[in-house]
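See below for structure25.cif, which holds mmCIF, N, CA and C atoms.
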```
data_start
loop_
_atom_site.label_atom_id
_atom_site.label_comp_id
_atom_site.auth_asym_id
_atom_site.auth_seq_id
_atom_site.Cartn_x
_atom_site.Cartn_y
_atom_site.Cartn_z
N MET E 9 9.96 -0.51 0.63
CA MET E 9 8.81 -0.43 -0.24
C MET E 9 9.23 -0.59 -1.70
N TYR E 10 10.32 0.07 -2.09
CA TYR E 10 10.76 0.00 -3.48
C TYR E 10 11.27 -1.40 -3.84
N LYS E 11 11.89 -2.08 -2.88
CA LYS E 11 12.32 -3.45 -3.12
C LYS E 11 11.11 -4.35 -3.37
N TRP E 12 10.04 -4.11 -2.65
CA TRP E 12 8.80 -4.86 -2.80
C TRP E 12 8.24 -4.65 -4.20
N LEU E 13 8.19 -3.40 -4.63
CA LEU E 13 7.67 -3.11 -5.97
C LEU E 13 8.55 -3.70 -7.06
N LEU E 14 9.85 -3.64 -6.87
CA LEU E 14 10.77 -4.21 -7.84
C LEU E 14 10.55 -5.72 -7.95
N ALA E 15 10.38 -6.36 -6.81
CA ALA E 15 10.12 -7.81 -6.83
C ALA E 15 8.82 -8.12 -7.55
N VAL E 16 7.80 -7.30 -7.32
CA VAL E 16 6.51 -7.53 -7.99
C VAL E 16 6.64 -7.36 -9.49
N PHE E 17 7.36 -6.35 -9.93
CA PHE E 17 7.49 -6.10 -11.36
C PHE E 17 8.43 -7.08 -12.07
N ILE E 18 9.24 -7.80 -11.33
CA ILE E 18 10.12 -8.79 -11.94
C ILE E 18 9.59 -10.21 -11.72
N VAL E 19 9.23 -10.53 -10.50
CA VAL E 19 8.83 -11.90 -10.17
C VAL E 19 7.47 -12.25 -10.76
N VAL E 20 6.49 -11.37 -10.63
CA VAL E 20 5.14 -11.69 -11.11
C VAL E 20 5.12 -11.95 -12.61
N PRO E 21 5.67 -11.07 -13.46
CA PRO E 21 5.67 -11.40 -14.89
C PRO E 21 6.43 -12.68 -15.22
N LEU E 22 7.51 -12.94 -14.50
CA LEU E 22 8.28 -14.16 -14.73
C LEU E 22 7.44 -15.40 -14.41
N VAL E 23 6.75 -15.37 -13.28
CA VAL E 23 5.89 -16.50 -12.89
C VAL E 23 4.75 -16.65 -13.89
N GLU E 24 4.17 -15.54 -14.33
CA GLU E 24 3.08 -15.60 -15.32
C GLU E 24 3.57 -16.21 -16.63
N LEU E 25 4.75 -15.82 -17.08
CA LEU E 25 5.31 -16.39 -18.32
C LEU E 25 5.57 -17.89 -18.18
N ILE E 26 6.11 -18.29 -17.06
CA ILE E 26 6.33 -19.71 -16.83
C ILE E 26 5.00 -20.46 -16.86
N GLY E 27 3.97 -19.88 -16.24
CA GLY E 27 2.65 -20.51 -16.25
C GLY E 27 2.07 -20.60 -17.65
N ILE E 28 2.20 -19.54 -18.44
CA ILE E 28 1.68 -19.54 -19.81
C ILE E 28 2.40 -20.58 -20.65
N PHE E 29 3.73 -20.64 -20.54
CA PHE E 29 4.49 -21.64 -21.32
C PHE E 29 4.17 -23.07 -20.87
N THR E 30 3.99 -23.26 -19.58
CA THR E 30 3.66 -24.59 -19.07
C THR E 30 2.30 -25.05 -19.59
N VAL E 31 1.30 -24.18 -19.47
CA VAL E 31 -0.03 -24.53 -19.98
C VAL E 31 0.01 -24.70 -21.49
N GLY E 32 0.79 -23.88 -22.17
CA GLY E 32 0.95 -24.01 -23.62
C GLY E 32 1.53 -25.36 -24.02
N ASN E 33 2.47 -25.85 -23.24
CA ASN E 33 3.02 -27.18 -23.51
C ASN E 33 2.01 -28.29 -23.26
N TRP E 34 1.14 -28.09 -22.27
CA TRP E 34 0.14 -29.11 -21.95
C TRP E 34 -0.98 -29.17 -22.99
N ILE E 35 -1.54 -27.99 -23.34
CA ILE E 35 -2.74 -27.99 -24.20
C ILE E 35 -2.51 -27.36 -25.56
N GLY E 36 -1.35 -26.81 -25.81
CA GLY E 36 -1.07 -26.18 -27.09
C GLY E 36 -1.12 -24.66 -26.99
N GLY E 37 -0.36 -24.04 -27.86
CA GLY E 37 -0.23 -22.58 -27.84
C GLY E 37 -1.51 -21.85 -28.17
N TRP E 38 -2.21 -22.29 -29.23
CA TRP E 38 -3.44 -21.60 -29.63
C TRP E 38 -4.53 -21.76 -28.58
N ASN E 39 -4.65 -22.95 -28.01
CA ASN E 39 -5.65 -23.15 -26.96
C ASN E 39 -5.37 -22.26 -25.76
N THR E 40 -4.10 -22.15 -25.39
CA THR E 40 -3.71 -21.28 -24.28
C THR E 40 -4.04 -19.84 -24.60
N PHE E 41 -3.74 -19.42 -25.83
CA PHE E 41 -4.04 -18.05 -26.25
C PHE E 41 -5.53 -17.77 -26.16
N PHE E 42 -6.35 -18.70 -26.67
CA PHE E 42 -7.80 -18.49 -26.65
C PHE E 42 -8.35 -18.50 -25.23
N ILE E 43 -7.80 -19.32 -24.36
CA ILE E 43 -8.24 -19.33 -22.96
C ILE E 43 -7.93 -17.98 -22.32
N LEU E 44 -6.75 -17.44 -22.57
CA LEU E 44 -6.40 -16.13 -22.01
C LEU E 44 -7.31 -15.03 -22.54
N ILE E 45 -7.65 -15.09 -23.84
CA ILE E 45 -8.55 -14.09 -24.42
C ILE E 45 -9.95 -14.20 -23.81
N VAL E 46 -10.46 -15.42 -23.70
CA VAL E 46 -11.80 -15.62 -23.14
C VAL E 46 -11.84 -15.19 -21.68
N MET E 47 -10.79 -15.52 -20.93
CA MET E 47 -10.73 -15.08 -19.52
C MET E 47 -10.73 -13.56 -19.43
N GLY E 48 -9.99 -12.91 -20.31
CA GLY E 48 -9.96 -11.45 -20.30
C GLY E 48 -11.31 -10.85 -20.63
N LEU E 49 -12.00 -11.39 -21.63
CA LEU E 49 -13.32 -10.87 -22.00
C LEU E 49 -14.36 -11.14 -20.91
N ALA E 50 -14.34 -12.36 -20.38
CA ALA E 50 -15.28 -12.68 -19.30
C ALA E 50 -15.00 -11.82 -18.07
N GLY E 51 -13.73 -11.59 -17.79
CA GLY E 51 -13.37 -10.75 -16.66
C GLY E 51 -13.79 -9.31 -16.86
N ALA E 52 -13.66 -8.81 -18.08
CA ALA E 52 -14.09 -7.44 -18.36
C ALA E 52 -15.60 -7.31 -18.16
N TYR E 53 -16.34 -8.30 -18.63
CA TYR E 53 -17.80 -8.27 -18.44
C TYR E 53 -18.15 -8.32 -16.95
N LEU E 54 -17.50 -9.23 -16.21
CA LEU E 54 -17.76 -9.36 -14.78
C LEU E 54 -17.36 -8.09 -14.03
N ALA E 55 -16.23 -7.50 -14.39
CA ALA E 55 -15.78 -6.27 -13.74
C ALA E 55 -16.77 -5.14 -13.99
N ARG E 56 -17.28 -5.06 -15.20
CA ARG E 56 -18.25 -4.01 -15.52
C ARG E 56 -19.54 -4.20 -14.73
N ALA E 57 -20.03 -5.44 -14.69
CA ALA E 57 -21.27 -5.72 -13.97
C ALA E 57 -21.12 -5.48 -12.47
N GLU E 58 -20.04 -5.97 -11.89
CA GLU E 58 -19.82 -5.79 -10.46
C GLU E 58 -19.52 -4.33 -10.12
N GLY E 59 -18.79 -3.65 -10.98
CA GLY E 59 -18.53 -2.23 -10.76
C GLY E 59 -19.81 -1.42 -10.75
N ARG E 60 -20.70 -1.73 -11.66
CA ARG E 60 -21.99 -1.04 -11.70
C ARG E 60 -22.79 -1.34 -10.43
N ARG E 61 -22.78 -2.60 -10.00
CA ARG E 61 -23.54 -2.98 -8.80
C ARG E 61 -22.99 -2.27 -7.56
N VAL E 62 -21.67 -2.21 -7.45
CA VAL E 62 -21.04 -1.54 -6.30
C VAL E 62 -21.35 -0.04 -6.34
N TRP E 63 -21.30 0.56 -7.52
CA TRP E 63 -21.59 1.99 -7.65
C TRP E 63 -23.02 2.31 -7.22
N VAL E 64 -23.97 1.50 -7.65
CA VAL E 64 -25.37 1.70 -7.29
C VAL E 64 -25.55 1.56 -5.78
N GLU E 65 -24.89 0.58 -5.18
CA GLU E 65 -24.98 0.38 -3.74
C GLU E 65 -24.39 1.56 -2.98
N ALA E 66 -23.25 2.09 -3.44
CA ALA E 66 -22.64 3.25 -2.79
C ALA E 66 -23.56 4.47 -2.89
N GLN E 67 -24.18 4.67 -4.06
CA GLN E 67 -25.12 5.79 -4.21
C GLN E 67 -26.31 5.62 -3.28
N ARG E 68 -26.82 4.40 -3.17
CA ARG E 68 -27.96 4.15 -2.29
C ARG E 68 -27.61 4.46 -0.84
N GLN E 69 -26.41 4.06 -0.42
CA GLN E 69 -25.99 4.33 0.95
C GLN E 69 -25.83 5.82 1.19
N MET E 70 -25.26 6.54 0.23
CA MET E 70 -25.09 8.00 0.40
C MET E 70 -26.44 8.71 0.45
N GLN E 71 -27.39 8.28 -0.36
CA GLN E 71 -28.72 8.89 -0.35
C GLN E 71 -29.44 8.62 0.96
N ALA E 72 -29.11 7.50 1.59
CA ALA E 72 -29.70 7.17 2.88
C ALA E 72 -28.96 7.85 4.03
N GLY E 73 -27.93 8.63 3.72
CA GLY E 73 -27.17 9.34 4.74
C GLY E 73 -26.13 8.48 5.44
N GLN E 74 -25.77 7.36 4.84
CA GLN E 74 -24.77 6.48 5.42
C GLN E 74 -23.43 6.68 4.71
N ILE E 75 -22.37 6.34 5.41
CA ILE E 75 -21.04 6.38 4.81
C ILE E 75 -20.84 5.07 4.06
N PRO E 76 -20.50 5.12 2.78
CA PRO E 76 -20.38 3.89 1.99
C PRO E 76 -19.01 3.23 2.12
N GLY E 77 -18.59 2.95 3.35
CA GLY E 77 -17.26 2.38 3.58
C GLY E 77 -17.06 1.02 2.93
N GLN E 78 -18.02 0.12 3.15
CA GLN E 78 -17.90 -1.21 2.57
C GLN E 78 -17.96 -1.14 1.05
N SER E 79 -18.79 -0.28 0.53
CA SER E 79 -18.90 -0.14 -0.93
C SER E 79 -17.62 0.42 -1.53
N ILE E 80 -16.94 1.30 -0.80
CA ILE E 80 -15.68 1.84 -1.29
C ILE E 80 -14.63 0.73 -1.35
N LEU E 81 -14.57 -0.09 -0.31
CA LEU E 81 -13.62 -1.21 -0.32
C LEU E 81 -13.98 -2.22 -1.41
N ASP E 82 -15.29 -2.46 -1.60
CA ASP E 82 -15.71 -3.33 -2.70
C ASP E 82 -15.30 -2.74 -4.04
N GLY E 83 -15.44 -1.44 -4.18
CA GLY E 83 -15.03 -0.77 -5.42
C GLY E 83 -13.54 -0.91 -5.68
N LEU E 84 -12.74 -0.81 -4.62
CA LEU E 84 -11.29 -1.01 -4.77
C LEU E 84 -10.98 -2.44 -5.19
N CYS E 85 -11.72 -3.39 -4.63
CA CYS E 85 -11.52 -4.80 -5.02
C CYS E 85 -11.89 -5.01 -6.48
N VAL E 86 -13.00 -4.42 -6.92
CA VAL E 86 -13.43 -4.57 -8.31
C VAL E 86 -12.41 -3.93 -9.25
N LEU E 87 -11.91 -2.75 -8.87
CA LEU E 87 -10.90 -2.09 -9.69
C LEU E 87 -9.64 -2.94 -9.78
N ALA E 88 -9.16 -3.45 -8.66
CA ALA E 88 -7.96 -4.29 -8.67
C ALA E 88 -8.21 -5.57 -9.47
N GLY E 89 -9.38 -6.16 -9.31
CA GLY E 89 -9.71 -7.37 -10.06
C GLY E 89 -9.74 -7.11 -11.55
N GLY E 90 -10.32 -6.00 -11.95
CA GLY E 90 -10.34 -5.65 -13.37
C GLY E 90 -8.95 -5.43 -13.93
N LEU E 91 -8.10 -4.75 -13.17
CA LEU E 91 -6.72 -4.53 -13.62
C LEU E 91 -5.94 -5.84 -13.73
N LEU E 92 -6.16 -6.73 -12.76
CA LEU E 92 -5.47 -8.03 -12.82
C LEU E 92 -5.92 -8.85 -14.02
N LEU E 93 -7.19 -8.72 -14.39
CA LEU E 93 -7.69 -9.47 -15.54
C LEU E 93 -7.16 -8.91 -16.86
N LEU E 94 -6.72 -7.68 -16.86
CA LEU E 94 -6.12 -7.11 -18.07
C LEU E 94 -4.72 -7.64 -18.31
N MET E 95 -4.07 -8.09 -17.25
CA MET E 95 -2.72 -8.64 -17.37
C MET E 95 -2.81 -10.05 -17.94
N PRO E 96 -1.98 -10.38 -18.91
CA PRO E 96 -2.01 -11.75 -19.42
C PRO E 96 -1.37 -12.71 -18.41
N GLY E 97 -2.03 -13.80 -18.17
CA GLY E 97 -1.51 -14.80 -17.26
C GLY E 97 -2.61 -15.45 -16.46
N PHE E 98 -2.35 -16.64 -16.01
CA PHE E 98 -3.37 -17.41 -15.30
C PHE E 98 -3.46 -17.04 -13.83
N ILE E 99 -2.35 -16.77 -13.19
CA ILE E 99 -2.37 -16.43 -11.77
C ILE E 99 -3.07 -15.10 -11.55
N SER E 100 -2.75 -14.10 -12.37
CA SER E 100 -3.42 -12.81 -12.24
C SER E 100 -4.91 -12.92 -12.57
N ASP E 101 -5.26 -13.78 -13.53
CA ASP E 101 -6.68 -13.98 -13.86
C ASP E 101 -7.43 -14.62 -12.70
N ILE E 102 -6.82 -15.61 -12.07
CA ILE E 102 -7.48 -16.26 -10.94
C ILE E 102 -7.67 -15.28 -9.79
N MET E 103 -6.63 -14.50 -9.49
CA MET E 103 -6.77 -13.50 -8.43
C MET E 103 -7.80 -12.45 -8.80
N GLY E 104 -7.78 -12.01 -10.06
CA GLY E 104 -8.74 -11.01 -10.51
C GLY E 104 -10.17 -11.48 -10.38
N VAL E 105 -10.43 -12.72 -10.77
CA VAL E 105 -11.78 -13.26 -10.66
C VAL E 105 -12.20 -13.37 -9.20
N THR E 106 -11.30 -13.79 -8.32
CA THR E 106 -11.67 -13.89 -6.91
C THR E 106 -11.94 -12.51 -6.31
N LEU E 107 -11.31 -11.48 -6.83
CA LEU E 107 -11.60 -10.12 -6.36
C LEU E 107 -12.96 -9.63 -6.87
N LEU E 108 -13.44 -10.18 -7.96
CA LEU E 108 -14.70 -9.74 -8.54
C LEU E 108 -15.91 -10.48 -8.01
N ILE E 109 -15.73 -11.70 -7.56
CA ILE E 109 -16.87 -12.49 -7.06
C ILE E 109 -17.21 -12.02 -5.65
N PRO E 110 -18.48 -11.62 -5.43
CA PRO E 110 -18.85 -11.08 -4.11
C PRO E 110 -18.56 -12.03 -2.94
N ALA E 111 -18.72 -13.32 -3.12
CA ALA E 111 -18.51 -14.26 -2.02
C ALA E 111 -17.04 -14.32 -1.59
N THR E 112 -16.12 -14.22 -2.53
CA THR E 112 -14.70 -14.27 -2.17
C THR E 112 -14.13 -12.88 -1.88
N ARG E 113 -14.84 -11.85 -2.32
CA ARG E 113 -14.38 -10.48 -2.08
C ARG E 113 -14.37 -10.14 -0.59
N VAL E 114 -15.20 -10.83 0.19
CA VAL E 114 -15.27 -10.60 1.64
C VAL E 114 -13.89 -10.82 2.27
N PHE E 115 -13.17 -11.84 1.83
CA PHE E 115 -11.84 -12.12 2.35
C PHE E 115 -10.90 -10.95 2.12
N TYR E 116 -10.90 -10.42 0.91
CA TYR E 116 -10.01 -9.30 0.58
C TYR E 116 -10.42 -8.03 1.33
N ARG E 117 -11.71 -7.83 1.48
CA ARG E 117 -12.20 -6.66 2.22
C ARG E 117 -11.74 -6.73 3.67
N GLN E 118 -11.80 -7.92 4.28
CA GLN E 118 -11.34 -8.08 5.65
C GLN E 118 -9.83 -7.82 5.76
N MET E 119 -9.07 -8.27 4.76
CA MET E 119 -7.63 -8.00 4.76
C MET E 119 -7.36 -6.50 4.70
N MET E 120 -8.10 -5.78 3.84
CA MET E 120 -7.91 -4.33 3.72
C MET E 120 -8.30 -3.62 5.02
N LEU E 121 -9.41 -4.05 5.62
CA LEU E 121 -9.83 -3.44 6.89
C LEU E 121 -8.78 -3.66 7.98
N HIS E 122 -8.25 -4.86 8.05
CA HIS E 122 -7.22 -5.17 9.04
C HIS E 122 -5.98 -4.31 8.80
N TRP E 123 -5.57 -4.18 7.53
CA TRP E 123 -4.40 -3.37 7.20
C TRP E 123 -4.63 -1.91 7.57
N LEU E 124 -5.81 -1.36 7.23
CA LEU E 124 -6.12 0.02 7.56
C LEU E 124 -6.17 0.25 9.06
N GLU E 125 -6.79 -0.67 9.78
CA GLU E 125 -6.88 -0.54 11.23
C GLU E 125 -5.49 -0.57 11.86
N LYS E 126 -4.65 -1.46 11.40
CA LYS E 126 -3.29 -1.56 11.94
C LYS E 126 -2.51 -0.27 11.68
N ARG E 127 -2.61 0.28 10.46
CA ARG E 127 -1.92 1.52 10.13
C ARG E 127 -2.44 2.70 10.96
N MET E 128 -3.75 2.75 11.19
CA MET E 128 -4.32 3.84 11.97
C MET E 128 -3.92 3.75 13.44
N ARG E 129 -3.91 2.55 13.98
CA ARG E 129 -3.51 2.38 15.38
C ARG E 129 -2.05 2.76 15.61
N ASN E 130 -1.20 2.47 14.64
CA ASN E 130 0.23 2.80 14.76
C ASN E 130 0.52 4.25 14.41
N GLY E 131 -0.45 4.95 13.86
CA GLY E 131 -0.25 6.34 13.45
C GLY E 131 0.51 6.45 12.14
N ASN E 132 0.56 5.39 11.35
CA ASN E 132 1.28 5.38 10.09
C ASN E 132 0.40 5.65 8.88
N PHE E 133 -0.86 5.93 9.09
CA PHE E 133 -1.78 6.13 7.97
C PHE E 133 -1.72 7.58 7.54
N LYS E 134 -1.23 7.82 6.34
CA LYS E 134 -1.13 9.17 5.81
C LYS E 134 -1.74 9.20 4.42
N ILE E 135 -2.37 10.29 4.12
CA ILE E 135 -2.93 10.50 2.78
C ILE E 135 -2.10 11.59 2.14
N GLY E 136 -1.47 11.26 1.03
CA GLY E 136 -0.61 12.23 0.35
C GLY E 136 0.76 12.25 0.96
N ARG E 137 1.52 13.27 0.60
CA ARG E 137 2.90 13.39 1.09
C ARG E 137 3.06 14.41 2.19
N PHE E 138 2.00 14.95 2.68
CA PHE E 138 2.10 16.04 3.64
C PHE E 138 2.24 15.55 5.05
#
```

Target encoding structure tokens, full file:
Amino acid sequence: MYKWLLAVFIVVPLVELIGIFTVGNWIGGWNTFFILIVMGLAGAYLARAEGRRVWVEAQRQMQAGQIPGQSILDGLCVLAGGLLLLMPGFISDIMGVTLLIPATRVFYRQMMLHWLEKRMRNGNFKIGRF
């Protein structure tokens, strides 16, 4: 697990920097900078709007006496998408936007459900360190 995290903290920023420099060479440094700023602002707006929509849906489900499982997974996707949009870089922005758009969020939700189901079936699903 720690090797995985180490790879993410080293490889992802390196790939993002290569992408930023490559795009900067193609369209210029200032244009690249402004694109990254606009993507961040648009992503923040989208994350806020989608987060609010997911929150309202979860409240509606709880008031109806239902378990808001899908809304919780959608909320996790929106949170991850918002965090990815805060990171400078094009790859993280693309992933962040796909996590925020409801039509593409279904794919990520299915991946999370599959991962949770697999962990539960194997008995490896633990909450906390206990």

I want to know what sits within 12 Å of E:Gly59, based on only C-alpha atoms, with residues of the same chain fewer than 6 positions away left out; could you give that as JSON, numbers by chain? {"E": [51, 52, 53, 65, 66, 79, 80, 81, 82, 83, 84, 85, 86, 87, 88, 89, 90, 107, 108, 109, 110]}

What's the separation between atom C of E:Trp12 and atom C of E:His122, in Å to one decimal place? 19.3 Å

Can you list what the PyMOL selection byres (((chain E and resi 33-49 and name CA) around 8) and name CA) grabs from this structure, as a PDB file with N, CA and C atoms, in the frame of the given file?
```pdb
ATOM      1  N   ILE E  28       2.200 -19.540 -18.440  1.00  0.00           N
ATOM      2  CA  ILE E  28       1.680 -19.540 -19.810  1.00  0.00           C
ATOM      3  C   ILE E  28       2.400 -20.580 -20.650  1.00  0.00           C
ATOM      4  N   PHE E  29       3.730 -20.640 -20.540  1.00  0.00           N
ATOM      5  CA  PHE E  29       4.490 -21.640 -21.320  1.00  0.00           C
ATOM      6  C   PHE E  29       4.170 -23.070 -20.870  1.00  0.00           C
ATOM      7  N   THR E  30       3.990 -23.260 -19.580  1.00  0.00           N
ATOM      8  CA  THR E  30       3.660 -24.590 -19.070  1.00  0.00           C
ATOM      9  C   THR E  30       2.300 -25.050 -19.590  1.00  0.00           C
ATOM     10  N   VAL E  31       1.300 -24.180 -19.470  1.00  0.00           N
ATOM     11  CA  VAL E  31      -0.030 -24.530 -19.980  1.00  0.00           C
ATOM     12  C   VAL E  31       0.010 -24.700 -21.490  1.00  0.00           C
ATOM     13  N   GLY E  32       0.790 -23.880 -22.170  1.00  0.00           N
ATOM     14  CA  GLY E  32       0.950 -24.010 -23.620  1.00  0.00           C
ATOM     15  C   GLY E  32       1.530 -25.360 -24.020  1.00  0.00           C
ATOM     16  N   ALA E  50     -14.340 -12.360 -20.380  1.00  0.00           N
ATOM     17  CA  ALA E  50     -15.280 -12.680 -19.300  1.00  0.00           C
ATOM     18  C   ALA E  50     -15.000 -11.820 -18.070  1.00  0.00           C
ATOM     19  N   GLY E  51     -13.730 -11.590 -17.790  1.00  0.00           N
ATOM     20  CA  GLY E  51     -13.370 -10.750 -16.660  1.00  0.00           C
ATOM     21  C   GLY E  51     -13.790  -9.310 -16.860  1.00  0.00           C
ATOM     22  N   ALA E  52     -13.660  -8.810 -18.080  1.00  0.00           N
ATOM     23  CA  ALA E  52     -14.090  -7.440 -18.360  1.00  0.00           C
ATOM     24  C   ALA E  52     -15.600  -7.310 -18.160  1.00  0.00           C
ATOM     25  N   TYR E  53     -16.340  -8.300 -18.630  1.00  0.00           N
ATOM     26  CA  TYR E  53     -17.800  -8.270 -18.440  1.00  0.00           C
ATOM     27  C   TYR E  53     -18.150  -8.320 -16.950  1.00  0.00           C
ATOM     28  N   LEU E  93      -7.190  -8.720 -14.390  1.00  0.00           N
ATOM     29  CA  LEU E  93      -7.690  -9.470 -15.540  1.00  0.00           C
ATOM     30  C   LEU E  93      -7.160  -8.910 -16.860  1.00  0.00           C
ATOM     31  N   LEU E  94      -6.720  -7.680 -16.860  1.00  0.00           N
ATOM     32  CA  LEU E  94      -6.120  -7.110 -18.070  1.00  0.00           C
ATOM     33  C   LEU E  94      -4.720  -7.640 -18.310  1.00  0.00           C
ATOM     34  N   PRO E  96      -1.980 -10.380 -18.910  1.00  0.00           N
ATOM     35  CA  PRO E  96      -2.010 -11.750 -19.420  1.00  0.00           C
ATOM     36  C   PRO E  96      -1.370 -12.710 -18.410  1.00  0.00           C
ATOM     37  N   GLY E  97      -2.030 -13.800 -18.170  1.00  0.00           N
ATOM     38  CA  GLY E  97      -1.510 -14.800 -17.260  1.00  0.00           C
ATOM     39  C   GLY E  97      -2.610 -15.450 -16.460  1.00  0.00           C
ATOM     40  N   PHE E  98      -2.350 -16.640 -16.010  1.00  0.00           N
ATOM     41  CA  PHE E  98      -3.370 -17.410 -15.300  1.00  0.00           C
ATOM     42  C   PHE E  98      -3.460 -17.040 -13.830  1.00  0.00           C
ATOM     43  N   ASP E 101      -5.260 -13.780 -13.530  1.00  0.00           N
ATOM     44  CA  ASP E 101      -6.680 -13.980 -13.860  1.00  0.00           C
ATOM     45  C   ASP E 101      -7.430 -14.620 -12.700  1.00  0.00           C
TER      46      ASP E 101
END
```

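If you look at atom N of E:Gly77 and atom C of E:Ile102, they are 25.0 Å away from each other.
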
So the first atom is atom CA of E:Ser100 and the second is atom CA of E:Met128; what is the distance between them in Å, to one decimal place?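 Straight-line distance from atom CA of E:Ser100 to atom CA of E:Met128 works out to 29.4 Å.
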